[in-house]
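K.L.:
Please see the structure below; I have some questions.
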Amino acid sequence: MPGIASSRVLPPLYQRQVKLRPRSEAKRSRIVDAATQHFAKHGYHTARVGDIAIALGIAKGSIFQHFGSKDGLFFEVYKHAVRSFSKYLDAPADVRRSGFFAVLHYWLVRTEHLVHEDWIPYRISRLGNYGTDLVLKREINRFLISEDPYGTVSFVRFGVERGELRNDLDVEMMVSILDWMVERFQDALLTAELDPGLFRHQGDPAEKKEARIQQFLAILQRAIGAPVTAAAPLGARRNHRR
């Protein structure tokens, strides 16, 4: 069956804007909810559209009518999942006033919520980023660039406007660096959370985690942070990371 990006003439089915009736919207939402649970449990490659249809008590063809293909269904599930995450600048106002690195610290400290409160959306996002085929991954990348669901572009511009980030680097380059580094660092934090015996921890685990976060922020600050000037004492710069 053709993938969601297989046509070189027509846009993929998921991109075609069709005004849905209320009953169609409700059915589509039910399918997405059931598919989210199914993909999260079985993964992308072993998930079966037929099984999702059986669970919903509908014909498999009805799912294809709404989403075009298994790829199209997963893509809709993926978009729904990543849109459920908070954006960087959704941090509390007092944290935002403390600056770019304070906001980043705020979210890194709360990484474990991806396991405890947002496990299914997190699982779907990992599947989309690492567990799909190249055609679908291409569409996911286009979506992430065009919609910026985590608000990374606005967050980086926030840091530049505050004078905390370098103004000699392209914003898109800093966005890419931030996306790559934060995503992998959060994965590392979650690996330690899910399998504490995998790493050797000496001392209090919470203190060890905070030390790793501070080290990560220091590396990131050296990569994209604005140079520390004589007029800005080092201690003042460090306050942004507390």
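Residue numbering restarts at 1 for every chain of the structure tokens, chains are lettered A, B, ... in their displayed order, and ligands are numbered from 1 as they appear.
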Using backbone DSSP assignments, extract all alpha helix (DSSP H) residues from stretch 38-196 of chain A; output them as number ranges by chain.
P.N.:
A: 38-42, 49-56, 60-67, 70-83, 93-98, 100-109, 113-116, 119-130, 134-147, 152-161, 171-194
K.L.:
Might you pull out every residue within 7 Å of stretch 157-170 of chain A, with only C-alpha atoms counted and same-chain residues fewer than 4 positions away left off, and present them as a list of chain:residue names?
P.N.:
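Everything that qualifies: A:Phe100, A:Val153, A:Met174, A:Ile224, A:Gly225, A:Ala226.
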K.L.:
Those residues with C-alpha atoms, as a PDB file, in the first residue's frame please?
P.N.:
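Saved as again-v7.pdb:
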ATOM      1  CA  PHE A 100      16.812  31.077  28.959  1.00  0.00           C
ATOM      2  CA  VAL A 153      12.316  28.725  17.592  1.00  0.00           C
ATOM      3  CA  MET A 174      20.937  26.977  17.426  1.00  0.00           C
ATOM      4  CA  ILE A 224      25.534  28.655  22.046  1.00  0.00           C
ATOM      5  CA  GLY A 225      25.658  31.003  25.040  1.00  0.00           C
ATOM      6  CA  ALA A 226      26.697  34.625  24.664  1.00  0.00           C
TER       7      ALA A 226
END
K.L.:
Can you pull out every residue within 12 Å of A:Arg123, counting only C-alpha atoms, but drop anything in the same chain fewer than 2 positions away, and send it as an MDAnalysis selection string?
P.N.:
chainID A and resid 36:44 77:78 81:82 114:121 125:131 187 190
K.L.:
May I ask for the distance between atom CA of A:Ala35 and atom CA of A:Ile52, given in Å to one decimal place?
P.N.:
6.2 Å
K.L.:
What is the distance between atom CA of A:Thr132 and atom CA of A:Leu144, in Å to one decimal?
P.N.:
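For atom CA of A:Thr132 relative to atom CA of A:Leu144, the distance reads 15.2 Å.
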K.L.:
Nearest to A:Phe64 among A:Arg28, A:Arg142, A:Lys208, A:Phe155, with distances taken over only C-alpha atoms: which residue is it?
P.N.:
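That would be A:Arg28, the residue with the smallest distance to A:Phe64.
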K.L.:
How many Å lie between atom CA of A:Ala47 and atom CA of A:Trp180, rounded to one decimal?
P.N.:
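Separation of atom CA of A:Ala47 and atom CA of A:Trp180: 27.7 Å.
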K.L.:
So which residues touch A:Gln186 within 10 Å, counting only C-alpha atoms, skipping near sequence neighbours fewer than 2 positions away, as a PDB file with N, CA and C atoms, in the first residue's frame?
P.N.:
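Below is the file out.pdb, written as the result:
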ATOM      1  N   TRP A 107      12.664  22.544  32.797  1.00  0.00           N
ATOM      2  CA  TRP A 107      12.115  21.392  32.088  1.00  0.00           C
ATOM      3  C   TRP A 107      12.981  20.149  32.247  1.00  0.00           C
ATOM      4  N   LEU A 108      14.290  20.309  32.311  1.00  0.00           N
ATOM      5  CA  LEU A 108      15.157  19.143  32.479  1.00  0.00           C
ATOM      6  C   LEU A 108      14.924  18.483  33.834  1.00  0.00           C
ATOM      7  N   VAL A 109      14.724  19.265  34.868  1.00  0.00           N
ATOM      8  CA  VAL A 109      14.448  18.717  36.194  1.00  0.00           C
ATOM      9  C   VAL A 109      13.164  17.884  36.171  1.00  0.00           C
ATOM     10  N   ARG A 110      12.239  18.276  35.331  1.00  0.00           N
ATOM     11  CA  ARG A 110      10.934  17.610  35.258  1.00  0.00           C
ATOM     12  C   ARG A 110      10.871  16.542  34.167  1.00  0.00           C
ATOM     13  N   THR A 111      12.015  16.072  33.700  1.00  0.00           N
ATOM     14  CA  THR A 111      12.036  15.075  32.628  1.00  0.00           C
ATOM     15  C   THR A 111      11.272  13.812  32.999  1.00  0.00           C
ATOM     16  N   GLU A 112      11.296  13.415  34.261  1.00  0.00           N
ATOM     17  CA  GLU A 112      10.653  12.162  34.664  1.00  0.00           C
ATOM     18  C   GLU A 112       9.153  12.157  34.425  1.00  0.00           C
ATOM     19  N   LEU A 114       7.800  12.550  31.786  1.00  0.00           N
ATOM     20  CA  LEU A 114       7.594  11.828  30.528  1.00  0.00           C
ATOM     21  C   LEU A 114       7.343  10.349  30.779  1.00  0.00           C
ATOM     22  N   MET A 181      20.633  18.062  21.296  1.00  0.00           N
ATOM     23  CA  MET A 181      21.279  17.837  22.582  1.00  0.00           C
ATOM     24  C   MET A 181      20.270  17.575  23.692  1.00  0.00           C
ATOM     25  N   VAL A 182      19.191  18.353  23.730  1.00  0.00           N
ATOM     26  CA  VAL A 182      18.206  18.177  24.798  1.00  0.00           C
ATOM     27  C   VAL A 182      17.507  16.829  24.668  1.00  0.00           C
ATOM     28  N   GLU A 183      17.147  16.460  23.448  1.00  0.00           N
ATOM     29  CA  GLU A 183      16.464  15.182  23.248  1.00  0.00           C
ATOM     30  C   GLU A 183      17.307  14.015  23.742  1.00  0.00           C
ATOM     31  N   ARG A 184      18.569  13.990  23.366  1.00  0.00           N
ATOM     32  CA  ARG A 184      19.426  12.873  23.783  1.00  0.00           C
ATOM     33  C   ARG A 184      19.730  12.916  25.274  1.00  0.00           C
ATOM     34  N   ALA A 188      18.870  10.118  28.167  1.00  0.00           N
ATOM     35  CA  ALA A 188      19.838   9.592  29.137  1.00  0.00           C
ATOM     36  C   ALA A 188      19.287   9.681  30.559  1.00  0.00           C
ATOM     37  N   LEU A 189      18.632  10.795  30.885  1.00  0.00           N
ATOM     38  CA  LEU A 189      18.032  10.937  32.210  1.00  0.00           C
ATOM     39  C   LEU A 189      16.955   9.891  32.431  1.00  0.00           C
ATOM     40  N   LEU A 190      16.159   9.621  31.405  1.00  0.00           N
ATOM     41  CA  LEU A 190      15.089   8.638  31.535  1.00  0.00           C
ATOM     42  C   LEU A 190      15.632   7.220  31.609  1.00  0.00           C
ATOM     43  N   THR A 191      16.736   6.958  30.927  1.00  0.00           N
ATOM     44  CA  THR A 191      17.362   5.635  31.024  1.00  0.00           C
ATOM     45  C   THR A 191      17.789   5.370  32.459  1.00  0.00           C
ATOM     46  N   ALA A 192      18.364   6.367  33.084  1.00  0.00           N
ATOM     47  CA  ALA A 192      18.770   6.221  34.484  1.00  0.00           C
ATOM     48  C   ALA A 192      17.560   6.050  35.387  1.00  0.00           C
ATOM     49  N   ILE A 213      22.691  17.691  35.218  1.00  0.00           N
ATOM     50  CA  ILE A 213      21.965  18.763  34.526  1.00  0.00           C
ATOM     51  C   ILE A 213      22.816  20.016  34.455  1.00  0.00           C
TER      52      ILE A 213
END
K.L.:
What's around A:Tyr106 at 10 Å? Count only C-alpha atoms, leave out sequence neighbours fewer than 3 positions away in its own chain, and write the answer as a PyMOL selection string.
P.N.:
chain A and resi 88+91-92+95-96+100-103+109-111+241-242
K.L.:
Identify which of the residues A:Ala53, A:Leu220, A:Ala93, A:Leu136 lies closest to A:Val175, counting only C-alpha atoms when measuring atom-to-atom distances.
P.N.:
A:Leu220
